Amino acid sequence: MRTLRTQLLISHLLLVLLMGVVMSLSIASLFKLSSSLNTLFDKSLEGVVAANQIRDLVGNEVNAATAVFNGRSNGVEAYDAAHVALTRQLDNGEQAALGSPRILELMHGIEAESRYIDLAFHDMASTKDPQLASNALGSIRVLQTRINVLAAAMAQSQNDETAQEQKKASRAALSSAWWSVLYTFAAVAAAVLLAARMMRIALTPLAMLAKQAEVIGSGDLDKKIQLDRKDEIGALAESFNEMASKLAELRNLEARRLRRAQKMTDSALESLYDPVIVADAKGRIVHLNRAAEKLFGPAPESPRMPIVEHIGDERILKAIKKAIEQQTVSASEDETSIVPLKVEGGDITYRLRATPMKEDDGTLLGSVVVLEDITGLKQLDRLKTEFIGVASHELRTPITSLLLSNELMAEGAAGELNDQQKQLVAAQEQDLQRLERLTRELLDLTRLEAGQSPPRFEMIPAQQISHGAIQSVKNQADEKGVRLIEEAFADLPEVRADRSQVTRVIINLLNNAIRHTPAGGTVTLRATPSPNQVTFDVADTGEGIPSEYLAKIFDRFVQVPGATQGGAGLGLSIAQRIVKAHGGVMQVGSELGKGSTFSFSLSTKPEDDGEEAT
């Protein structure tokens, strides 16, 4: 099995071998050209040297002949030595000039002239006649001139032949260069083809692997990578196939778990007695359980229908819209969450609870609405309210009678009382007054809850309400030593309110503040204008309210442990009811040891006469 590493190694070795062959051919051509140039240079140099040597040797013969002519005895020996050297030079020249007919011809001419010089020298040396000797010396000098001409012609011929050989060498060099270029292009082309083949061998399977991996990544885990290779790429393809098989098994297992969880969730929803509505992030119905389908009809088929087209109840729609747009839970305990619906067999009252559904990363999925059947609780609450109302009403007469009797006894109508009896009568009066106040507050609360005491709205200057409440509690504050401050200016706008009810709320808040503020403290009533409303704040420097009681301070019969006692815990609940009937919300802020602040707002917008809060 040839691995991908082996294939890449072989391809690189082939490239190196190919480059080595090209470089070897180029180097061989360069060496051949260099050898040719050296041969031409040597040959040209030898021809010039040979011509010069011939001229020098012939000159030596002429000099020797002249010496003999002049009667010097050593001239013959010098001539013989020069002639022998010339003969040897001519023999060597003939051997060297075998490849050049022109130079060989000139060499033969020089050799013939040399023989004539030798004949003329011997004639001159052997004759006694001066004239003959002089003629012979003249012939020798003429022959010298002819030999010099032939030697110069030989050197010129040698130069001409060298030039021709040089041209041949240049053409050979140019041819070698072109062949080197051709070899290089051929090698580059072969390298490109080899690289392309290796890229095709290596990258084409990788591209196929990547494409098929994208198919697997898109969710088609049943797709197998078909790649008939035994190298690393083949092993990678097999690993992808194994991974896809394991992912398919995990996905099937997860799908079974999801189906089981979905069935359990659906079964749980369907088994709920309370109606459940599930909507997506666009407010379209996703699911209705069996109880909800009994109320609103079967869930619509795809495409999903907006809830407004299927449910139609405005309160449910507002709760779902709030849960989706504001992503807050709508689960208040007041009347706004109570939804009465007509069904077959009568009316059913539900408590509405809407909750946003989110992913772990906070992405909104939709909302779920649960309608809790509180018909029985509502009837029980109504019976309780009616009982409290009837009991409070019925108790007022005997309590009033007892108060009157107690007052008569205190005045001595039944005889003079001693000090101990007076103390008992005073204690009875306090208890009867507290009981009378409790029955009155209970009766007021039941009337407010039953809607029997709706506010009678009118436009009232806010400064009048503030000033009237301050005057009502001024004596109580003075008696306890609490400083009372009013911050309400005469140019405050008019507010839409029921004078008596709003005054009662402020007086109740002021009384509570005075009762829970020690002597030397301060209670402030502040009226602050803002766009479309005026805000009333009652702040004190008293003992404060623990944080765990702030959320339930407005519930009925709630009293803070350890606080100054003075009521049944109904005052704030009644105040809250009155403020809600005026379209506002009572708010409280407090810090232990530093005091509390109660605040609410009234609208400055006039409404139609006779309109009442619902």
# chains A, B, ... in the order shown; residues from 1 in each chain; ligands from 1
>>> select_by_dssp(residues="stretch 234-322 of chain A", states="alpha helix (DSSP H)", output="number ranges by chain")
A: 234-271, 290-296, 307-310, 314-322
>>> atom_distance(atom1="atom CA of A:Ala151", atom2="atom CA of A:Ser126")
29.2 Å
>>> residues_around(residues="A:Val534", least_positions_apart="4", cutoff="10 Å", atoms="only C-alpha atoms", output="PyMOL selection string")
chain A and resi 462+492-496+527-530+600-604
>>> atom_distance(atom1="atom CA of A:Arg146", atom2="atom CA of A:Glu105")
14.2 Å
>>> atom_distance(atom1="atom CA of A:Lys282", atom2="atom CA of A:Val339")
23.2 Å
>>> closest_residue(among="A:Glu270, A:Asp373, A:Asp280, A:Asp220", to="A:Arg251", atoms="only C-alpha atoms")
A:Asp220
>>> residues_around(residues="A:Val149", least_positions_apart="6", cutoff="10 Å", atoms="only C-alpha atoms", output="PyMOL selection string")
chain A and resi 55+106+110+143+155
>>> closest_residue(among="A:Leu572, A:Leu258, A:Leu403, A:Leu371", to="A:Asn512", atoms="only C-alpha atoms")
A:Leu572
>>> residues_around(residues="stretch 318-330 of chain A", least_positions_apart="2", cutoff="6 Å", atoms="only C-alpha atoms", output="PDB file with N, CA and C atoms, in the first residue's frame")
ATOM      1  N   ARG A 315     -58.377  40.474  27.645  1.00  0.00           N
ATOM      2  CA  ARG A 315     -57.477  40.353  28.781  1.00  0.00           C
ATOM      3  C   ARG A 315     -56.407  39.292  28.545  1.00  0.00           C
ATOM      4  N   ILE A 316     -56.799  38.189  27.935  1.00  0.00           N
ATOM      5  CA  ILE A 316     -55.814  37.149  27.618  1.00  0.00           C
ATOM      6  C   ILE A 316     -54.819  37.660  26.584  1.00  0.00           C
ATOM      7  N   ARG A 353     -52.572  33.750  34.244  1.00  0.00           N
ATOM      8  CA  ARG A 353     -51.135  33.804  34.470  1.00  0.00           C
ATOM      9  C   ARG A 353     -50.428  33.578  33.125  1.00  0.00           C
ATOM     10  N   ALA A 354     -49.645  34.566  32.664  1.00  0.00           N
ATOM     11  CA  ALA A 354     -48.913  34.483  31.391  1.00  0.00           C
ATOM     12  C   ALA A 354     -47.414  34.594  31.675  1.00  0.00           C
ATOM     13  N   THR A 355     -46.637  33.651  31.133  1.00  0.00           N
ATOM     14  CA  THR A 355     -45.194  33.592  31.396  1.00  0.00           C
ATOM     15  C   THR A 355     -44.433  33.464  30.073  1.00  0.00           C
ATOM     16  N   PRO A 356     -43.384  34.266  29.871  1.00  0.00           N
ATOM     17  CA  PRO A 356     -42.577  34.102  28.652  1.00  0.00           C
ATOM     18  C   PRO A 356     -41.742  32.827  28.709  1.00  0.00           C
TER      19      PRO A 356
END
>>> residues_around(residues="A:Ala248", least_positions_apart="4", cutoff="9 Å", atoms="only C-alpha atoms", output="VMD selection string")
chain A and resid 220 to 222 243 to 244 252 to 253
>>> closest_residue(among="A:Gln587, A:Asn159, A:Ser472, A:Thr145", to="A:Arg504", atoms="only C-alpha atoms")
A:Ser472
>>> closest_residue(among="A:Gly366, A:Val192, A:Ile233, A:Arg515", to="A:Ala210", atoms="only C-alpha atoms")
A:Ile233
>>> residues_around(residues="A:Ala85", least_positions_apart="6", cutoff="10 Å", atoms="only C-alpha atoms", output="list in words")
Gln53, Ile54, Leu57, Val58, Tyr79 and Asp91 of chain A
>>> write_last_selection(atoms="N, CA, C and O atoms", output="mmCIF file, in the first residue's frame")
data_model
loop_
_atom_site.group_PDB
_atom_site.id
_atom_site.type_symbol
_atom_site.label_atom_id
_atom_site.label_comp_id
_atom_site.auth_asym_id
_atom_site.auth_seq_id
_atom_site.Cartn_x
_atom_site.Cartn_y
_atom_site.Cartn_z
ATOM 1 N N GLN A 53 58.304 31.336 -35.344
ATOM 2 C CA GLN A 53 59.514 30.528 -35.218
ATOM 3 C C GLN A 53 60.161 30.272 -36.576
ATOM 4 O O GLN A 53 61.404 30.268 -36.713
ATOM 5 N N ILE A 54 59.354 30.018 -37.611
ATOM 6 C CA ILE A 54 59.903 29.814 -38.963
ATOM 7 C C ILE A 54 60.649 31.055 -39.417
ATOM 8 O O ILE A 54 61.771 30.981 -39.958
ATOM 9 N N LEU A 57 63.917 31.249 -37.479
ATOM 10 C CA LEU A 57 64.915 30.258 -37.898
ATOM 11 C C LEU A 57 65.496 30.609 -39.269
ATOM 12 O O LEU A 57 66.722 30.462 -39.515
ATOM 13 N N VAL A 58 64.604 31.059 -40.187
ATOM 14 C CA VAL A 58 65.105 31.483 -41.507
ATOM 15 C C VAL A 58 66.042 32.659 -41.341
ATOM 16 O O VAL A 58 67.110 32.781 -42.001
ATOM 17 N N TYR A 79 74.676 27.949 -39.135
ATOM 18 C CA TYR A 79 73.709 27.674 -40.208
ATOM 19 C C TYR A 79 73.159 26.266 -40.058
ATOM 20 O O TYR A 79 71.949 26.048 -40.185
ATOM 21 N N ASP A 91 58.678 19.899 -40.159
ATOM 22 C CA ASP A 91 58.072 18.563 -40.023
ATOM 23 C C ASP A 91 56.915 18.586 -39.009
ATOM 24 O O ASP A 91 55.843 18.021 -39.250
#
>>> closest_residue(among="A:Ala172, A:Val278, A:Ala189, A:Ala112", to="A:Leu15", atoms="only C-alpha atoms")
A:Ala189
